[in-house]
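Listing of input.cif; format and content: mmCIF, C-alpha atoms and all ligand atoms.
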```cif
data_query
loop_
_atom_site.label_atom_id
_atom_site.label_comp_id
_atom_site.auth_asym_id
_atom_site.auth_seq_id
_atom_site.Cartn_x
_atom_site.Cartn_y
_atom_site.Cartn_z
CA MET A 1282 44.05 -117.26 21.61
CA ARG A 1283 40.87 -116.80 19.59
CA ILE A 1284 40.21 -120.01 17.75
CA GLY A 1285 37.54 -121.26 15.36
CA ILE A 1286 37.06 -125.03 14.91
CA LEU A 1287 35.02 -126.57 12.08
CA CYS A 1288 33.67 -130.11 12.21
CA HIS A 1289 30.92 -132.51 11.27
CA ALA A 1290 28.03 -133.11 13.64
CA SER A 1291 28.15 -136.89 13.16
CA MET A 1292 29.24 -139.60 15.61
CA GLY A 1293 32.55 -140.07 13.74
CA GLY A 1294 35.97 -139.86 15.30
CA SER A 1295 36.86 -136.58 13.57
CA SER A 1296 33.89 -134.90 15.19
CA ARG A 1297 34.71 -136.39 18.59
CA ILE A 1298 38.28 -135.09 18.35
CA ALA A 1299 37.18 -131.63 17.21
CA VAL A 1300 34.60 -131.26 19.99
CA GLU A 1301 37.04 -132.48 22.64
CA LEU A 1302 39.76 -130.19 21.34
CA ALA A 1303 37.41 -127.19 21.31
CA SER A 1304 36.14 -127.95 24.82
CA THR A 1305 39.60 -128.50 26.25
CA LEU A 1306 41.06 -125.37 24.66
CA ALA A 1307 38.15 -123.36 26.07
CA LEU A 1308 38.68 -124.82 29.53
CA ARG A 1309 42.34 -123.83 29.21
CA GLY A 1310 41.22 -120.23 28.81
CA HIS A 1311 41.14 -119.76 25.03
CA GLU A 1312 38.18 -118.13 23.32
CA VAL A 1313 36.81 -120.92 21.14
CA HIS A 1314 34.08 -120.91 18.48
CA LEU A 1315 32.90 -124.29 17.25
CA PHE A 1316 31.16 -124.34 13.86
CA ALA A 1317 29.03 -127.34 12.89
CA ARG A 1318 26.04 -127.76 10.58
CA THR A 1319 23.87 -128.87 13.50
CA ALA A 1320 24.64 -129.54 17.18
CA PRO A 1321 27.36 -132.22 17.29
CA PHE A 1322 26.48 -135.75 18.41
CA PHE A 1323 29.19 -135.57 21.07
CA PRO A 1324 28.29 -132.88 23.59
CA CYS A 1325 30.66 -130.01 24.30
CA ARG A 1326 31.96 -129.69 27.83
CA PHE A 1327 30.50 -126.56 29.31
CA SER A 1328 32.74 -123.52 29.39
CA ARG A 1329 32.00 -119.83 29.23
CA ASN A 1330 34.73 -119.52 26.58
CA LEU A 1331 33.12 -121.94 24.15
CA THR A 1332 30.44 -120.86 21.69
CA LEU A 1333 28.70 -123.30 19.35
CA HIS A 1334 27.52 -121.94 16.00
CA THR A 1335 25.14 -123.93 13.79
CA VAL A 1336 23.23 -123.12 10.62
CA ARG A 1337 19.49 -123.15 10.09
CA VAL A 1338 18.92 -126.30 8.05
CA ALA A 1339 15.90 -127.53 6.14
CA ASN A 1340 16.41 -131.12 7.22
CA GLY A 1341 18.27 -131.50 10.50
CA ASP A 1342 17.40 -135.10 11.21
CA HIS A 1343 20.35 -136.85 9.61
CA HIS A 1344 21.35 -140.22 10.96
CA PRO A 1345 24.30 -139.64 13.32
CA ALA A 1346 26.31 -142.32 11.51
CA ASP A 1347 26.13 -140.32 8.27
CA LEU A 1348 29.04 -138.09 7.45
CA LEU A 1349 27.30 -135.41 5.40
CA LEU A 1350 29.80 -134.46 2.70
CA ASP A 1351 27.58 -132.76 0.12
CA TRP A 1352 25.70 -130.01 1.90
CA PRO A 1353 22.89 -128.17 0.14
CA SER A 1354 24.51 -125.12 -1.46
CA ASP A 1355 22.39 -122.63 0.52
CA GLU A 1356 23.48 -124.23 3.80
CA LEU A 1357 27.11 -124.19 2.75
CA GLU A 1358 26.79 -120.51 1.90
CA SER A 1359 25.15 -119.75 5.27
CA TYR A 1360 27.92 -121.66 7.01
CA VAL A 1361 30.66 -119.70 5.21
CA LYS A 1362 28.92 -116.39 5.94
CA MET A 1363 28.42 -117.30 9.59
CA ILE A 1364 32.14 -118.05 9.94
CA LEU A 1365 33.13 -114.83 8.16
CA LYS A 1366 30.91 -112.84 10.51
CA VAL A 1367 32.41 -114.43 13.62
CA ILE A 1368 35.95 -113.93 12.29
CA GLU A 1369 35.13 -110.27 11.76
CA GLU A 1370 33.41 -109.71 15.10
CA GLU A 1371 35.67 -111.84 17.26
CA ALA A 1372 38.97 -111.35 15.39
CA LEU A 1373 39.77 -115.05 15.24
CA ALA A 1374 43.47 -115.76 14.86
CA ILE A 1375 43.11 -119.47 13.99
CA LEU A 1376 40.61 -121.40 11.90
CA HIS A 1377 41.09 -125.15 12.25
CA PHE A 1378 39.01 -127.60 10.25
CA HIS A 1379 38.61 -131.31 10.95
CA TYR A 1380 37.91 -133.47 7.89
CA GLY A 1381 38.45 -132.28 4.33
CA PHE A 1382 34.93 -132.45 2.84
CA PRO A 1383 33.40 -129.89 2.87
CA PHE A 1384 35.61 -128.00 5.31
CA ALA A 1385 38.70 -127.57 3.13
CA PHE A 1386 36.34 -125.91 0.66
CA VAL A 1387 34.87 -123.72 3.42
CA ALA A 1388 38.34 -122.69 4.62
CA ALA A 1389 39.42 -121.90 1.06
CA GLU A 1390 36.29 -119.76 0.60
CA VAL A 1391 36.99 -117.89 3.83
CA ARG A 1392 40.55 -117.14 2.74
CA ARG A 1393 39.49 -116.25 -0.81
CA ARG A 1394 36.74 -113.87 0.30
CA ARG A 1395 38.73 -112.21 3.08
CA GLY A 1396 42.18 -112.16 1.51
CA GLY A 1397 44.98 -111.25 3.92
CA ALA A 1398 46.75 -113.38 6.43
CA TRP A 1399 44.21 -113.81 9.22
CA PRO A 1400 42.98 -116.14 10.45
CA VAL A 1401 45.74 -118.72 10.03
CA ILE A 1402 44.15 -121.80 8.48
CA ILE A 1403 45.01 -125.23 9.86
CA GLY A 1404 43.45 -128.38 8.41
CA THR A 1405 43.39 -131.87 9.90
CA LEU A 1406 42.82 -134.74 7.48
CA HIS A 1407 41.13 -137.68 9.15
CA GLY A 1408 40.44 -140.67 6.93
CA THR A 1409 38.06 -141.07 4.03
CA ASP A 1410 38.58 -137.41 3.16
CA VAL A 1411 41.93 -138.66 1.84
CA THR A 1412 41.11 -142.19 0.67
CA CYS A 1413 38.20 -140.91 -1.45
CA CYS A 1414 40.73 -138.76 -3.33
CA GLY A 1415 41.59 -141.83 -5.38
CA ASP A 1416 38.74 -140.37 -7.42
CA VAL A 1417 40.25 -137.84 -9.83
CA VAL A 1418 37.50 -135.25 -9.46
CA LYS A 1419 37.64 -135.28 -5.66
CA ARG A 1420 41.42 -135.23 -5.75
CA ALA A 1421 41.50 -132.17 -8.03
CA GLN A 1422 39.01 -130.37 -5.77
CA MET A 1423 40.91 -131.18 -2.61
CA MET A 1424 44.26 -130.20 -4.11
CA ARG A 1425 42.79 -126.86 -5.17
CA TRP A 1426 41.31 -126.11 -1.75
CA LEU A 1427 44.44 -127.14 0.13
CA ASN A 1428 46.35 -124.34 -1.61
CA TYR A 1429 44.62 -121.97 0.79
CA VAL A 1430 45.62 -123.91 3.92
CA ASP A 1431 48.60 -122.71 5.96
CA GLU A 1432 49.35 -126.02 7.66
CA LEU A 1433 48.00 -129.52 7.32
CA THR A 1434 48.06 -132.09 10.06
CA THR A 1435 46.88 -135.66 10.24
CA VAL A 1436 46.47 -138.41 12.77
CA SER A 1437 49.09 -141.06 11.95
CA ARG A 1438 52.36 -141.41 10.04
CA SER A 1439 50.77 -143.90 7.72
CA HIS A 1440 47.93 -141.53 6.86
CA ALA A 1441 50.39 -138.67 6.37
CA GLN A 1442 52.21 -140.77 3.80
CA LEU A 1443 49.00 -141.73 2.02
CA ALA A 1444 47.84 -138.10 1.92
CA THR A 1445 51.19 -136.95 0.57
CA GLU A 1446 51.08 -139.50 -2.24
CA LEU A 1447 47.42 -139.17 -3.18
CA LEU A 1448 47.25 -135.39 -2.98
CA HIS A 1449 50.74 -134.75 -4.39
CA LEU A 1450 51.64 -132.65 -1.35
CA SER A 1451 54.99 -130.90 -1.41
CA ALA A 1452 55.50 -131.75 2.28
CA ALA A 1453 53.93 -134.45 4.41
CA PRO A 1454 51.28 -133.23 6.88
CA ARG A 1455 52.45 -132.84 10.46
CA VAL A 1456 51.40 -135.87 12.52
CA ILE A 1457 49.44 -135.10 15.68
CA PRO A 1458 47.86 -138.36 16.81
CA ASN A 1459 44.33 -138.53 18.13
CA PHE A 1460 43.91 -138.43 21.87
CA ILE A 1461 41.70 -139.63 24.68
CA ASP A 1462 40.34 -138.34 27.95
CA LEU A 1463 41.61 -140.94 30.41
CA THR A 1464 39.24 -139.76 33.10
CA GLU A 1465 36.22 -140.48 30.92
CA PHE A 1466 37.54 -143.79 29.58
CA GLN A 1467 38.58 -145.90 32.56
CA ALA A 1468 39.26 -149.59 33.05
CA LEU A 1469 37.68 -151.92 35.58
CA SER A 1470 39.84 -154.51 37.30
CA PRO A 1471 41.61 -156.69 34.68
CA GLU A 1472 41.26 -159.68 37.01
CA VAL A 1473 37.51 -160.00 36.38
CA GLN A 1474 36.77 -163.28 34.62
CA ARG A 1475 33.46 -163.96 32.98
CA SER A 1476 31.84 -167.32 32.41
CA ARG A 1477 31.38 -166.25 28.78
CA PRO A 1478 33.99 -164.04 27.14
CA ARG A 1479 32.62 -160.96 25.47
CA ILE A 1480 33.67 -159.63 22.08
CA VAL A 1481 32.70 -156.06 21.26
CA HIS A 1482 32.58 -154.12 18.00
CA ILE A 1483 31.87 -150.40 17.72
CA SER A 1484 31.46 -148.55 14.47
CA ASN A 1485 29.27 -146.48 12.21
CA PHE A 1486 28.74 -149.67 10.16
CA ARG A 1487 29.79 -148.10 6.89
CA PRO A 1488 31.23 -150.21 4.04
CA VAL A 1489 34.82 -149.35 5.04
CA LYS A 1490 34.25 -151.29 8.29
CA ASN A 1491 33.95 -154.55 6.27
CA VAL A 1492 31.03 -155.78 8.30
CA PRO A 1493 30.50 -159.05 6.33
CA ARG A 1494 33.97 -160.07 7.54
CA LEU A 1495 32.88 -159.35 11.12
CA ALA A 1496 29.97 -161.81 10.85
CA GLN A 1497 32.22 -164.43 9.29
CA LEU A 1498 34.92 -164.09 11.95
CA TYR A 1499 32.46 -164.23 14.81
CA HIS A 1500 30.83 -167.31 13.30
CA GLU A 1501 34.20 -169.08 13.12
CA ILE A 1502 35.35 -167.96 16.57
CA ARG A 1503 32.02 -169.10 18.02
CA GLU A 1504 32.65 -172.64 16.78
CA HIS A 1505 35.57 -172.85 19.22
CA VAL A 1506 34.76 -170.40 22.03
CA ASP A 1507 31.42 -169.72 23.69
CA ALA A 1508 31.82 -165.96 23.32
CA GLU A 1509 29.02 -163.43 23.05
CA LEU A 1510 29.12 -160.46 20.70
CA TRP A 1511 28.17 -156.90 21.64
CA LEU A 1512 27.57 -154.44 18.83
CA ILE A 1513 27.59 -150.70 19.54
CA GLY A 1514 26.55 -148.17 16.92
CA ASP A 1515 24.47 -148.24 13.80
CA GLY A 1516 24.82 -147.44 10.13
CA PRO A 1517 24.10 -148.52 6.58
CA GLU A 1518 25.54 -152.06 6.86
CA MET A 1519 23.74 -152.97 10.09
CA ALA A 1520 20.75 -154.64 8.41
CA ALA A 1521 23.02 -156.87 6.32
CA LEU A 1522 25.04 -157.77 9.41
CA ARG A 1523 21.93 -158.71 11.33
CA ALA A 1524 20.80 -160.90 8.44
CA ALA A 1525 24.21 -162.60 8.24
CA LEU A 1526 24.31 -163.31 11.98
CA HIS A 1527 20.77 -164.64 11.80
CA ALA A 1528 21.70 -166.91 8.89
CA PHE A 1529 24.58 -168.29 10.98
CA GLY A 1530 22.10 -168.98 13.80
CA LEU A 1531 23.95 -166.57 16.07
CA GLU A 1532 21.25 -163.99 16.64
CA ARG A 1533 20.73 -164.98 20.29
CA ASP A 1534 24.43 -164.56 21.09
CA VAL A 1535 24.44 -160.95 19.98
CA THR A 1536 23.47 -157.83 21.94
CA TYR A 1537 22.63 -154.78 19.86
CA TRP A 1538 23.32 -151.65 21.90
CA GLY A 1539 22.50 -149.22 19.12
CA ILE A 1540 23.94 -145.73 19.14
CA GLN A 1541 25.43 -144.78 22.50
CA ARG A 1542 27.13 -141.62 23.65
CA ASN A 1543 28.75 -143.13 26.74
CA VAL A 1544 30.54 -146.08 25.17
CA ALA A 1545 33.05 -146.32 28.02
CA ALA A 1546 30.48 -147.82 30.39
CA ILE A 1547 29.80 -150.64 27.91
CA LEU A 1548 33.36 -151.12 26.69
CA GLN A 1549 34.56 -151.69 30.25
CA GLN A 1550 32.43 -154.84 30.36
CA ALA A 1551 34.10 -156.43 27.31
CA ASP A 1552 37.14 -158.67 26.83
CA LEU A 1553 38.15 -158.03 23.25
CA LEU A 1554 37.44 -155.38 20.60
CA LEU A 1555 37.16 -156.96 17.16
CA LEU A 1556 37.78 -154.78 14.10
CA THR A 1557 37.64 -155.76 10.44
CA SER A 1558 38.03 -152.40 8.67
CA ALA A 1559 39.43 -152.23 5.16
CA TYR A 1560 41.15 -149.03 6.25
CA GLU A 1561 41.58 -146.87 9.35
CA SER A 1562 43.77 -143.79 9.47
CA PHE A 1563 43.93 -144.25 13.25
CA SER A 1564 40.88 -145.96 14.85
CA MET A 1565 39.51 -143.99 17.75
CA VAL A 1566 37.56 -147.01 18.94
CA ALA A 1567 40.78 -149.01 19.29
CA LEU A 1568 42.14 -146.27 21.52
CA GLU A 1569 38.90 -146.02 23.50
CA ALA A 1570 38.86 -149.79 24.02
CA MET A 1571 42.47 -149.85 25.21
CA ALA A 1572 41.78 -147.00 27.64
CA CYS A 1573 38.97 -149.15 29.06
CA GLY A 1574 41.43 -152.03 29.45
CA VAL A 1575 40.12 -153.93 26.43
CA PRO A 1576 42.68 -155.48 24.06
CA VAL A 1577 42.15 -155.05 20.33
CA LEU A 1578 42.15 -157.61 17.53
CA ALA A 1579 42.41 -155.68 14.27
CA PRO A 1580 43.71 -155.89 10.72
CA ARG A 1581 47.15 -154.45 10.07
CA VAL A 1582 45.93 -151.55 7.92
CA GLY A 1583 46.57 -147.81 7.82
CA GLY A 1584 47.43 -146.26 11.17
CA ILE A 1585 46.18 -149.14 13.33
CA PRO A 1586 49.72 -150.45 14.03
CA GLU A 1587 50.59 -147.00 15.39
CA VAL A 1588 47.74 -147.28 17.90
CA VAL A 1589 47.67 -150.97 18.85
CA ALA A 1590 50.98 -152.48 19.99
CA ASP A 1591 50.92 -155.93 18.39
CA GLY A 1592 51.32 -158.70 20.99
CA GLU A 1593 51.24 -156.16 23.82
CA THR A 1594 47.86 -154.43 23.78
CA GLY A 1595 46.14 -156.72 21.32
CA SER A 1596 46.91 -158.59 18.12
CA LEU A 1597 47.07 -157.53 14.49
CA TYR A 1598 46.31 -159.85 11.60
CA PRO A 1599 46.97 -159.52 7.87
CA ALA A 1600 43.82 -158.01 6.37
CA ASN A 1601 43.59 -160.70 3.71
CA GLU A 1602 44.08 -163.61 6.13
CA PRO A 1603 40.96 -163.83 8.30
CA SER A 1604 41.86 -167.35 9.43
CA ILE A 1605 44.75 -165.82 11.39
CA ALA A 1606 42.28 -163.47 13.10
CA VAL A 1607 40.22 -166.47 14.19
CA GLU A 1608 43.29 -168.27 15.57
CA LEU A 1609 44.37 -165.17 17.47
CA ALA A 1610 40.90 -164.59 18.92
CA ILE A 1611 40.69 -168.19 20.15
CA ARG A 1612 44.13 -167.92 21.71
CA LEU A 1613 43.31 -164.67 23.52
CA LEU A 1614 39.90 -165.73 24.72
CA THR A 1615 41.00 -169.11 26.06
CA ASP A 1616 44.10 -167.97 27.94
CA PRO A 1617 43.01 -165.92 30.99
CA GLN A 1618 46.60 -165.08 31.98
CA LEU A 1619 47.44 -163.74 28.54
CA LEU A 1620 44.19 -161.78 28.36
CA MET A 1621 44.83 -160.22 31.76
CA GLN A 1622 48.33 -159.13 30.73
CA LEU A 1623 47.02 -157.56 27.54
CA LYS A 1624 44.25 -155.76 29.43
CA LYS A 1625 46.75 -154.17 31.80
CA LYS A 1626 49.10 -153.15 29.01
CA ALA A 1627 46.22 -151.81 26.90
CA ARG A 1628 45.25 -149.37 29.61
CA ALA A 1629 48.85 -148.31 30.19
CA HIS A 1630 49.50 -147.84 26.46
CA ALA A 1631 46.38 -145.69 26.04
CA GLY A 1632 48.07 -143.31 28.48
CA THR A 1633 50.56 -142.36 25.75
CA PHE A 1634 47.63 -140.76 23.88
CA ASP A 1635 46.56 -138.62 26.82
CA LYS A 1636 44.41 -135.65 25.83
CA GLU A 1637 46.29 -133.14 27.95
CA LYS A 1638 49.56 -133.81 26.12
CA THR A 1639 48.08 -133.65 22.62
CA VAL A 1640 46.03 -130.52 23.18
CA LEU A 1641 49.31 -128.81 24.10
CA GLU A 1642 50.72 -129.84 20.72
CA TYR A 1643 47.84 -128.11 18.94
CA GLU A 1644 48.19 -125.11 21.22
CA ASN A 1645 51.90 -124.84 20.41
CA LEU A 1646 51.19 -125.16 16.70
CA TYR A 1647 48.65 -122.32 16.83
CA GLN A 1648 51.02 -120.17 18.88
CA GLN A 1649 53.90 -120.71 16.45
CA TRP A 1650 51.74 -119.68 13.52
CA ILE A 1651 50.45 -116.60 15.28
CA GLU A 1652 53.98 -115.51 16.16
CA ARG A 1653 55.15 -116.17 12.62
CA ARG A 1654 52.32 -114.06 11.23
CA MET A 1655 52.88 -111.28 13.76
CA GLN A 1656 56.49 -111.04 12.64
CA LYS A 1657 55.45 -110.55 9.03
CA ALA A 1658 55.79 -106.81 8.82
CA HIS A 1659 54.33 -106.50 5.35
CA GLU A 1660 50.69 -107.04 6.38
CA PRO A 1661 50.22 -104.39 9.06
CA GLY A 1662 46.53 -103.89 8.28
CA ASP A 1663 45.85 -107.52 8.97
CA LEU A 1664 47.83 -107.51 12.17
CA ARG A 1665 45.56 -104.89 13.66
CA GLU A 1666 42.54 -107.08 12.96
CA VAL A 1667 43.47 -109.85 15.31
CA ARG A 1668 43.42 -110.01 19.10
CA VAL A 1669 45.27 -112.95 20.59
O1 LIG A 1701 37.07 -140.88 7.43
C1 LIG A 1701 36.06 -141.41 7.92
O2 LIG A 1701 35.55 -142.43 7.49
C2 LIG A 1701 35.36 -140.78 9.05
C3 LIG A 1701 36.28 -140.32 10.09
C4 LIG A 1701 35.43 -139.79 11.19
O3 LIG A 1701 34.96 -138.67 11.09
O4 LIG A 1701 35.25 -140.53 12.13
O5 LIG A 1701 37.08 -141.41 10.58
C5 LIG A 1701 38.46 -141.27 10.43
O6 LIG A 1701 38.91 -140.39 11.44
C6 LIG A 1701 38.96 -140.92 12.75
C7 LIG A 1701 39.44 -139.81 13.66
O7 LIG A 1701 40.70 -139.35 13.25
C8 LIG A 1701 39.89 -142.13 12.76
O8 LIG A 1701 39.95 -142.67 14.07
C9 LIG A 1701 39.34 -143.19 11.81
O9 LIG A 1701 40.26 -144.24 11.74
C10 LIG A 1701 39.17 -142.60 10.42
N1 LIG A 1701 38.44 -143.55 9.57
C11 LIG A 1701 39.00 -144.07 8.51
O10 LIG A 1701 40.14 -143.86 8.17
C12 LIG A 1701 38.13 -145.00 7.74
#
```

Once you've parsed the file, please lay out its structure as structure tokens.
Ligand code: GMT
Amino acid sequence: MRIGILCHASMGGSSRIAVELASTLALRGHEVHLFARTAPFFPCRFSRNLTLHTVRVANGDHHPADLLLDWPSDELESYVKMILKVIEEEALAILHFHYGFPFAFVAAEVRRRRGGAWPVIIGTLHGTDVTCCGDVVKRAQMMRWLNYVDELTTVSRSHAQLATELLHLSAAPRVIPNFIDLTEFQALSPEVQRSRPRIVHISNFRPVKNVPRLAQLYHEIREHVDAELWLIGDGPEMAALRAALHAFGLERDVTYWGIQRNVAAILQQADLLLLTSAYESFSMVALEAMACGVPVLAPRVGGIPEVVADGETGSLYPANEPSIAVELAIRLLTDPQLLMQLKKKARAHAGTFDKEKTVLEYENLYQQWIERRMQKAHEPGDLREVRV
């Protein structure tokens, strides 16, 4: 198949999924074109079938934690034109965007300017592209753009329900969960016991991650357990977090890893992933941690319960009851047998999100749409345009 994939260049989960999907589809023999504003933070896996297209931008040095939603209008126009040109030259059958802003707009523009049936447009909603549609202006925009989309997918049942309600969708998006490459994310022996347990947190440190809560929880856990804290990533709330940890006198117990591409190598050395997010449609980091044999302690919000098996691969706490999170952390970190069991199960459970299986689901979805379109006899002109 000839497939175009649109995504952000940031270090967010939607970009990681899009790049992995594009790379894997190319390695499976499809002709894939990846469209991003600049080269994505996560590198593509090399394949002759994968072409990366970027636009010439005035300011390319955006912080990788920033999800750039409002592109300068000239860049957006260049992006749309670039995609239209590739569709024309390469006869793309599928155009699949990851994350609604600005890509639902871009897809709608492509369909509006080209008319006709090709390429089939698939959109995957990932997280704040839906939650921000509580805002009436954003919601109206998104609802308008989604009229041009042939099929919507999203990453958890919970997020599908939220999207359906907020965006007044006539049918819930198809759920295709996020996935992981189990060869890249591997676990070390679960038997390893450290003199000091190690809590890890990975994020883009945006407000939705509720970073003040992270400092508070660590402070309270630290009063009972001599655990260290490893922080991976960076973002707008990092300075405030540093200040809070300093004020608690915990600065020397914290290791700041900054932004890392190979998080697996660090995750493998941890005992517990601590999350405090106000919302997660899925939580890629929870899945990455589990694949590295690290149990997850997270609030019961959004799609997290569909990723973390409570009591099996970690523990979930009510988002508004942080004291329960502290109790659970102390229990996990002071019971080596329990921790070892959770580590083993975490790795095994991550296997249910294996990349190979999920990429097939996307492949089947594309194939079904192509066949459906091919059967539509009333657009013969269009049918000649596409090579699959
Ligand atoms: O929506 C966002 O805040 C950014 C987005 C991203 O690009 O990383 O994150 C969302 O998509 C990820 C991949 O599907 C999910 O793992 C994250 O849970 C989700 N973030 C939120 O829902 C806050």

### Query
Just how far from CA of Arg1487 (chain A) is CA of His1407 (chain A), in Å to one decimal?
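Between CA of His1407 (chain A) and CA of Arg1487 (chain A) the gap is 15.6 Å.
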
#### Entry: Distance of CA of Ala1524 (chain A) from CA of Tyr1499 (chain A), expressed in Å to one decimal place
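Those two atoms sit 13.7 Å apart.
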
### Message
Can you pull out the residues contacting region 1565-1582 of chain A? Cut-off 8 Å, using all atoms listed in the file, and skip same-chain residues under 6 positions away; I want them as a PyMOL selection string.
### Response
chain A and resi 1294+1459+1461+1463+1466-1469+1471+1483-1484+1545+1548-1549+1551-1559+1588-1589+1594-1600+1606+1609-1610+1620+1623-1632

Quick one: contact table of chain A to ligand LIG 1701 (chain A), 8 Å max, nearest atom pair and distance in Å to one decimal per residue, counting only C-alpha atoms and all ligand atoms, chain and number order, as CSV?
```
residue,atom,partner,partner_atom,distance
A:His1289,CA,A:LIG1701,O3,7.4
A:Ser1291,CA,A:LIG1701,O3,7.3
A:Met1292,CA,A:LIG1701,O4,7.0
A:Gly1293,CA,A:LIG1701,O4,3.2
A:Gly1294,CA,A:LIG1701,O4,3.3
A:Ser1295,CA,A:LIG1701,O3,3.8
A:Ser1296,CA,A:LIG1701,O3,5.7
A:Arg1297,CA,A:LIG1701,C7,7.6
A:Ile1298,CA,A:LIG1701,C7,6.8
A:Leu1348,CA,A:LIG1701,O3,7.0
A:Tyr1380,CA,A:LIG1701,O3,6.8
A:Leu1406,CA,A:LIG1701,O7,7.7
A:His1407,CA,A:LIG1701,O6,4.2
A:Gly1408,CA,A:LIG1701,O1,3.4
A:Thr1409,CA,A:LIG1701,O1,3.5
A:Asp1410,CA,A:LIG1701,O1,5.7
A:Val1411,CA,A:LIG1701,O1,7.7
A:Thr1412,CA,A:LIG1701,O10,7.7
A:Thr1435,CA,A:LIG1701,O7,7.8
A:Val1436,CA,A:LIG1701,O7,5.9
A:Asn1459,CA,A:LIG1701,O7,6.1
A:Val1489,CA,A:LIG1701,C12,6.1
A:Lys1490,CA,A:LIG1701,C12,7.4
A:Ser1558,CA,A:LIG1701,C12,7.5
A:Ala1559,CA,A:LIG1701,C12,7.8
A:Tyr1560,CA,A:LIG1701,C12,5.3
A:Glu1561,CA,A:LIG1701,O10,3.5
A:Ser1562,CA,A:LIG1701,O10,3.9
A:Phe1563,CA,A:LIG1701,O9,4.0
A:Ser1564,CA,A:LIG1701,O8,3.5
A:Met1565,CA,A:LIG1701,O8,3.9
A:Val1566,CA,A:LIG1701,O8,6.9
A:Gly1583,CA,A:LIG1701,O10,7.6
A:Gly1584,CA,A:LIG1701,O9,7.5
A:Ile1585,CA,A:LIG1701,O9,7.8
```

### Message
Would you compute the distance between CA of Met1519 (chain A) and CA of Val1544 (chain A)? Give it in Å to one decimal.
### Response
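Rounded to one decimal, the two atoms are 17.9 Å apart.
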
Write out as a PDB file with C-alpha atoms, keeping the file's coordinate frame each polymer residue whose atoms come within 8 Å of region 1324-1337 of chain A, counting all atoms listed in the file; drop sequence neighbours fewer than 4 positions from it.
```pdb
ATOM      1  CA  VAL A1300      34.600-131.260  19.990  1.00  0.00           C
ATOM      2  CA  GLU A1301      37.040-132.480  22.640  1.00  0.00           C
ATOM      3  CA  ALA A1303      37.410-127.190  21.310  1.00  0.00           C
ATOM      4  CA  SER A1304      36.140-127.950  24.820  1.00  0.00           C
ATOM      5  CA  THR A1305      39.600-128.500  26.250  1.00  0.00           C
ATOM      6  CA  ALA A1307      38.150-123.360  26.070  1.00  0.00           C
ATOM      7  CA  LEU A1308      38.680-124.820  29.530  1.00  0.00           C
ATOM      8  CA  GLY A1310      41.220-120.230  28.810  1.00  0.00           C
ATOM      9  CA  HIS A1311      41.140-119.760  25.030  1.00  0.00           C
ATOM     10  CA  GLU A1312      38.180-118.130  23.320  1.00  0.00           C
ATOM     11  CA  VAL A1313      36.810-120.920  21.140  1.00  0.00           C
ATOM     12  CA  HIS A1314      34.080-120.910  18.480  1.00  0.00           C
ATOM     13  CA  LEU A1315      32.900-124.290  17.250  1.00  0.00           C
ATOM     14  CA  PHE A1316      31.160-124.340  13.860  1.00  0.00           C
ATOM     15  CA  ALA A1317      29.030-127.340  12.890  1.00  0.00           C
ATOM     16  CA  ARG A1318      26.040-127.760  10.580  1.00  0.00           C
ATOM     17  CA  THR A1319      23.870-128.870  13.500  1.00  0.00           C
ATOM     18  CA  ALA A1320      24.640-129.540  17.180  1.00  0.00           C
ATOM     19  CA  GLU A1356      23.480-124.230   3.800  1.00  0.00           C
ATOM     20  CA  SER A1359      25.150-119.750   5.270  1.00  0.00           C
ATOM     21  CA  TYR A1360      27.920-121.660   7.010  1.00  0.00           C
ATOM     22  CA  MET A1363      28.420-117.300   9.590  1.00  0.00           C
TER      23      MET A1363
END
```

### Message
Which residue is closest to Arg1523 (chain A)? Choose from A:Gly1381, A:Gly1397, A:Pro1488, A:Pro1493 and count only C-alpha atoms.
### Response
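Ranked by minimum distance to Arg1523 (chain A), first place goes to A:Pro1493.
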
### Task
List every protein, DNA or RNA residue with an atom no more than 8 Å from (35.5, -115.2, 16.3) in the file's coordinates, counting only C-alpha atoms, and format the result as a VMD selection string.
chain A and resid 1283 to 1285 1313 to 1314 1364 1366 to 1373

### Message
Here is a test: counting all atoms listed in the file, which residue of A:Lys1636, A:Arg1503, A:Arg1542, A:Arg1420 is nearest to Arg1479 (chain A)?
### Response
A:Arg1503

### Message
Considering all atoms listed in the file, can you say which of A:Leu1522, A:Leu1349, A:Cys1413, A:Val1456 comes closest to Leu1433 (chain A)?
### Response
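Using all atoms listed in the file, Leu1433 (chain A) sits closest to A:Val1456.
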
#### Entry: For Phe1322 (chain A), the nearest of the candidates A:His1343, A:Lys1419, A:Arg1309, A:His1379, counting all atoms listed in the file
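The shortest atom-to-atom distance to Phe1322 (chain A) comes from A:His1343.
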
### Message
Restricting the calculation to only C-alpha atoms: of A:Ser1437, A:Asn1543, A:Gln1550, A:Asn1428, which residue gets closest to Phe1460 (chain A)?
### Response
A:Ser1437

### Message
Using all atoms listed in the file, which protein or nucleic acid residues come within 7 Å of Phe1378 (chain A)? Drop anything in the same chain fewer than 3 positions from it, and give the result as a list in words.
### Response
Ile1286, Leu1287, Cys1288, Phe1384, Ile1403, Gly1404 and Thr1405 of chain A

### Task
Determine the nearest neighbour of Phe1529 (chain A) from the options A:Val1473, A:Val1387, A:Leu1498, A:Ile1547, counting all atoms listed in the file.
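Checking each of A:Val1473, A:Val1387, A:Leu1498, A:Ile1547 against Phe1529 (chain A), counting all atoms listed in the file, the winner is A:Leu1498.
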